[in-house]
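Report on the structure given below.
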Amino acid sequence: MEVVSPQSLDEALRVKSEHPDAVPIQGGTDLMVELNFDRRRPEVLLNLNEVPELRGWSRDNGGVRLGSGLTYAEAMAAPLAELLPALAEASRTVGSPQIRNRGTLGGNLGTASPAGDALPPLLVERASVELASVRGVRSMPLHEFLVGPKKNAAEPDELITMVRVEPSGAPQTFMKVGPRNAMVIAVCSLAVAADRERGELRASYGSSGPVVGLVSVPLEEAESFAERVAAAASPIDDVRGTAAYRRHALGVLAARALKRVLA
C-alpha cells in the first residue's frame, strides 16, 4: 500500500486525478477500522493531513465555510459552537477525546453512514457540500450528496473540500440514543431546529433509514411534530436495535427536542 502526502490542495487534486481509486485519509477514525480488520486494502492512501486549505473554518458573506479537515473538537469550541450549536452538541457525543481531536467533518461526509453524528445538525441548517477536482469545483445540497448507505455523490476524481452553512440563528438541539452515554454508534439520533423566520420546524434523523433524513413541519402544526418525525423514518432491525424501538425512540426524542427549542 502506497501512502501519498500532498502539501497543497492542487497537488492533492492532481494525485486524485491520476489515482481515482486512491482513498483519502485525514483523521482515519473510520478508515483505520476497515484497514485493521482487513475489510479494505486500497493500493493508494491519499493522506490529506498536510493540506492547509482543508483545515479550520471561516466566515464568508454571512455564511460559514467549514473545511473538510475540521475536527469535532474544533466544532465544539466557541465561536463556531455559538453559530452552529446543534453541531457542537453532536460533536460532544462523538467517541472519546482522542477521536474528537482526530475525527473530521470530511470523514463523516465521505463515509456517508446513516449513523454519522455530524450529518443531522448540518441537514437542519440546509448545508451544502463543495467538491473539487482538476476539472473544477461544484457545490450541491447535502441532502443530494447523501445517496445511500455509505454512498455519496462524489465522483472518483473529486475530494470533499468544505461544507457551507448559513447559520439560521434558530434555536436548535441534538439528541442521541445509544446503549450507554459515551463512545457509541447511535441507535438513533435527531437534530431539531425551530426556525421562526421561515415558520417551520426542521428535524433530521440518523440511524433510522438508508440515509440521514430530513422532515419539515409548519410551526403552527407543532402538535403533530413528534408523530410526523417518527412516521418519516424507515428504520431496520439490526444488532443495535429493532425498527420498532428506533421509531418509538425518535418520537420520544422529537417531543423532548421540541420542548427544548420552543422554550
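Labeling convention for the C-alpha cells: chains A, B, ... as they appear, residues from 1 per chain, ligands from 1 in order of appearance.
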
Note to self: Set the distance at 12 Å and use only C-alpha atoms: which residues neighbour Gln98 of chain A once local chain neighbours fewer than 5 positions away are removed? I'd like the list as a PyMOL selection string.
What the structure shows: chain A and resi 27-29+71-73+92+103-104+183

Note to self: Taking 6 positions as the minimum chain separation for residues in the same chain, which residues sit within 8 Å of Met175 of chain A when counting only C-alpha atoms? Answer as a list in words.
What the structure shows: Ala90, Ser189, Leu190, Ala191, Leu253 and Ala257 of chain A

Writer output for current selection, C-alpha atoms, as a PDB file, in the first residue's frame:
```
ATOM      1  CA  ALA A  90     -23.395  16.346  18.269  1.00  0.00           C
ATOM      2  CA  SER A 189     -30.179  10.385  16.613  1.00  0.00           C
ATOM      3  CA  LEU A 190     -32.060  13.602  15.963  1.00  0.00           C
ATOM      4  CA  ALA A 191     -31.302  17.259  15.305  1.00  0.00           C
ATOM      5  CA  LEU A 253     -36.623  12.422  21.144  1.00  0.00           C
ATOM      6  CA  ALA A 257     -36.332  18.315  21.439  1.00  0.00           C
TER       7      ALA A 257
END
```

Margin query: Please extract the residues of segment 40-254 of chain A with a backbone DSSP assignment of strand (DSSP E or B) and present them as a VMD selection string.
Written below: chain A and resid 44 to 47 57 to 60 63 to 67 71 104 128 to 133 136 to 141 146 to 148 151 to 152 159 to 165 172 to 177 188 to 195 200 to 206 213 to 218 238 241

Notebook entry, point to check: From the list A:Val163, A:Leu87, A:Ala118, A:Leu31, which residue is nearest Arg59 of chain A when using only C-alpha atoms?
Noted result: A:Val163

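Nearest residue to Leu80 of chain A among A:Arg202, A:Lys16, A:Arg246, A:Arg65 is A:Arg65, counting only C-alpha atoms.
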
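Ranking A:Val15, A:Val44, A:Leu119, A:Leu219 by their shortest atom-to-atom distance to Ser207 of chain A, with only C-alpha atoms included, puts A:Leu119 first.
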
Pick out each residue of segment 105-239 of chain A that DSSP on the backbone tags as alpha helix (DSSP H); I need them as a short mmCIF file (atom, residue, chain, number, x, y, z; two decimals) with N, CA and C atoms, in the first residue's frame.
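As a result, result_36.cif now contains:
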```cif
data_model
loop_
_atom_site.label_atom_id
_atom_site.label_comp_id
_atom_site.auth_asym_id
_atom_site.auth_seq_id
_atom_site.Cartn_x
_atom_site.Cartn_y
_atom_site.Cartn_z
N LEU A 105 -14.93 16.38 9.84
CA LEU A 105 -16.21 16.54 9.15
C LEU A 105 -16.18 15.85 7.79
N GLY A 106 -15.07 16.00 7.08
CA GLY A 106 -14.96 15.38 5.77
C GLY A 106 -15.04 13.87 5.83
N GLY A 107 -14.51 13.29 6.92
CA GLY A 107 -14.61 11.85 7.08
C GLY A 107 -16.04 11.40 7.27
N ASN A 108 -16.80 12.16 8.06
CA ASN A 108 -18.22 11.84 8.26
C ASN A 108 -18.99 11.91 6.94
N LEU A 109 -18.68 12.92 6.15
CA LEU A 109 -19.34 13.08 4.85
C LEU A 109 -18.91 12.00 3.87
N GLY A 110 -17.61 11.71 3.85
CA GLY A 110 -17.12 10.70 2.92
C GLY A 110 -17.64 9.32 3.23
N THR A 111 -17.68 8.97 4.51
CA THR A 111 -18.22 7.66 4.90
C THR A 111 -19.71 7.59 4.61
N LEU A 119 -24.04 14.74 10.58
CA LEU A 119 -24.92 14.95 9.43
C LEU A 119 -26.28 15.56 9.78
N PRO A 120 -27.01 15.08 10.80
CA PRO A 120 -28.30 15.72 11.12
C PRO A 120 -28.19 17.21 11.44
N PRO A 121 -27.22 17.66 12.25
CA PRO A 121 -27.13 19.11 12.51
C PRO A 121 -26.86 19.93 11.25
N LEU A 122 -26.09 19.37 10.32
CA LEU A 122 -25.82 20.09 9.08
C LEU A 122 -27.06 20.13 8.18
N LEU A 123 -27.83 19.04 8.18
CA LEU A 123 -29.02 19.00 7.34
C LEU A 123 -30.08 19.99 7.80
N VAL A 124 -30.28 20.13 9.11
CA VAL A 124 -31.31 21.06 9.58
C VAL A 124 -30.91 22.51 9.30
N LEU A 142 -26.52 19.13 0.78
CA LEU A 142 -26.11 17.92 1.50
C LEU A 142 -27.10 16.79 1.29
N HIS A 143 -28.40 17.10 1.24
CA HIS A 143 -29.38 16.02 1.10
C HIS A 143 -29.27 15.32 -0.26
N GLU A 144 -28.71 16.01 -1.26
CA GLU A 144 -28.48 15.38 -2.55
C GLU A 144 -27.15 14.63 -2.58
N PHE A 145 -26.22 15.06 -1.77
CA PHE A 145 -24.91 14.42 -1.71
C PHE A 145 -24.99 13.02 -1.11
N PHE A 225 -45.70 17.21 15.41
CA PHE A 225 -44.29 17.13 15.03
C PHE A 225 -43.68 15.77 15.35
N ALA A 226 -43.78 15.33 16.60
CA ALA A 226 -43.14 14.07 17.01
C ALA A 226 -43.67 12.90 16.20
N GLU A 227 -44.97 12.87 15.99
CA GLU A 227 -45.58 11.78 15.23
C GLU A 227 -45.09 11.77 13.79
N ARG A 228 -44.94 12.95 13.20
CA ARG A 228 -44.53 13.03 11.80
C ARG A 228 -43.05 12.68 11.62
N VAL A 229 -42.24 13.03 12.60
CA VAL A 229 -40.83 12.64 12.54
C VAL A 229 -40.71 11.12 12.59
N ALA A 230 -41.40 10.49 13.53
CA ALA A 230 -41.34 9.03 13.66
C ALA A 230 -41.87 8.35 12.41
N ALA A 231 -42.93 8.90 11.82
CA ALA A 231 -43.53 8.29 10.63
C ALA A 231 -42.63 8.40 9.40
N ALA A 232 -41.82 9.46 9.34
CA ALA A 232 -40.96 9.68 8.17
C ALA A 232 -39.80 8.70 8.11
#
```

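Residues in contact with Thr93 of chain A at up to 12 Å, not including ones fewer than 4 positions away on its chain and judged by only C-alpha atoms, are Tyr72, Ala73, Ala75, Met76, Ala86, Leu87, Ala88, Glu89, Pro97, Ile99, Arg100, Gly116, Asp117, Ala118, Phe174, Met175, Lys176, Val177, Gly178, Arg180, Asn181, Ala182, Met183, Val184, Ile185, Ala186 and Ser189 of chain A.
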
Go ahead and write the residues just picked, N, CA and C atoms, as a CSV table (one decimal), in the first residue's frame.
```
chain,number,residue,atom,x,y,z
A,72,TYR,N,-14.0,17.4,15.3
A,72,TYR,CA,-15.1,17.6,16.2
A,72,TYR,C,-14.7,18.5,17.4
A,73,ALA,N,-13.5,18.4,17.8
A,73,ALA,CA,-13.0,19.2,18.9
A,73,ALA,C,-13.1,20.7,18.5
A,75,ALA,N,-15.2,21.9,16.3
A,75,ALA,CA,-16.6,22.3,16.2
A,75,ALA,C,-17.3,22.5,17.5
A,76,MET,N,-16.7,22.0,18.6
A,76,MET,CA,-17.2,22.2,19.9
A,76,MET,C,-16.8,23.5,20.5
A,86,ALA,N,-26.2,22.9,17.4
A,86,ALA,CA,-26.5,21.5,17.3
A,86,ALA,C,-25.3,20.7,16.8
A,87,LEU,N,-24.5,21.3,15.9
A,87,LEU,CA,-23.3,20.6,15.5
A,87,LEU,C,-22.3,20.4,16.7
A,88,ALA,N,-22.2,21.5,17.5
A,88,ALA,CA,-21.4,21.4,18.7
A,88,ALA,C,-21.9,20.3,19.7
A,89,GLU,N,-23.2,20.2,19.9
A,89,GLU,CA,-23.7,19.2,20.7
A,89,GLU,C,-23.5,17.8,20.2
A,97,PRO,N,-12.2,11.7,23.7
A,97,PRO,CA,-11.4,12.9,23.4
A,97,PRO,C,-10.4,12.7,22.3
A,99,ILE,N,-10.7,10.6,19.7
A,99,ILE,CA,-11.4,10.6,18.5
A,99,ILE,C,-11.9,12.0,18.1
A,100,ARG,N,-12.4,12.7,19.0
A,100,ARG,CA,-12.8,14.1,18.7
A,100,ARG,C,-11.7,15.0,18.2
A,116,GLY,N,-23.8,8.8,11.0
A,116,GLY,CA,-22.9,9.9,11.1
A,116,GLY,C,-23.4,11.0,12.0
A,117,ASP,N,-22.8,11.3,13.1
A,117,ASP,CA,-23.4,12.3,14.1
A,117,ASP,C,-23.4,13.7,13.6
A,118,ALA,N,-22.5,14.1,12.7
A,118,ALA,CA,-22.4,15.5,12.2
A,118,ALA,C,-23.5,15.8,11.2
A,174,PHE,N,-29.5,18.7,19.5
A,174,PHE,CA,-29.2,17.4,19.0
A,174,PHE,C,-29.3,16.4,20.2
A,175,MET,N,-29.9,15.3,19.8
A,175,MET,CA,-30.1,14.2,20.8
A,175,MET,C,-29.7,12.9,20.2
A,176,LYS,N,-29.4,11.9,21.0
A,176,LYS,CA,-28.9,10.6,20.5
A,176,LYS,C,-29.2,9.5,21.5
A,177,VAL,N,-29.6,8.4,21.0
A,177,VAL,CA,-29.9,7.2,21.9
A,177,VAL,C,-28.8,6.2,21.6
A,178,GLY,N,-28.2,5.6,22.6
A,178,GLY,CA,-27.2,4.6,22.5
A,178,GLY,C,-27.3,3.6,23.7
A,180,ARG,N,-25.1,3.2,25.9
A,180,ARG,CA,-24.5,3.9,27.0
A,180,ARG,C,-24.4,5.4,26.6
A,181,ASN,N,-23.8,6.2,27.5
A,181,ASN,CA,-23.8,7.6,27.3
A,181,ASN,C,-22.6,8.1,26.5
A,182,ALA,N,-21.6,7.3,26.3
A,182,ALA,CA,-20.4,7.7,25.6
A,182,ALA,C,-19.8,6.6,24.7
A,183,MET,N,-19.1,7.1,23.6
A,183,MET,CA,-18.4,6.2,22.8
A,183,MET,C,-19.2,5.1,22.2
A,184,VAL,N,-20.4,5.5,21.6
A,184,VAL,CA,-21.3,4.6,21.0
A,184,VAL,C,-21.7,5.1,19.6
A,185,ILE,N,-22.0,4.1,18.7
A,185,ILE,CA,-22.7,4.4,17.5
A,185,ILE,C,-24.2,4.6,17.8
A,186,ALA,N,-24.8,5.6,17.3
A,186,ALA,CA,-26.2,5.9,17.7
A,186,ALA,C,-27.2,4.8,17.3
A,189,SER,N,-30.6,9.0,16.2
A,189,SER,CA,-30.2,10.4,16.6
A,189,SER,C,-31.1,11.4,15.9
```
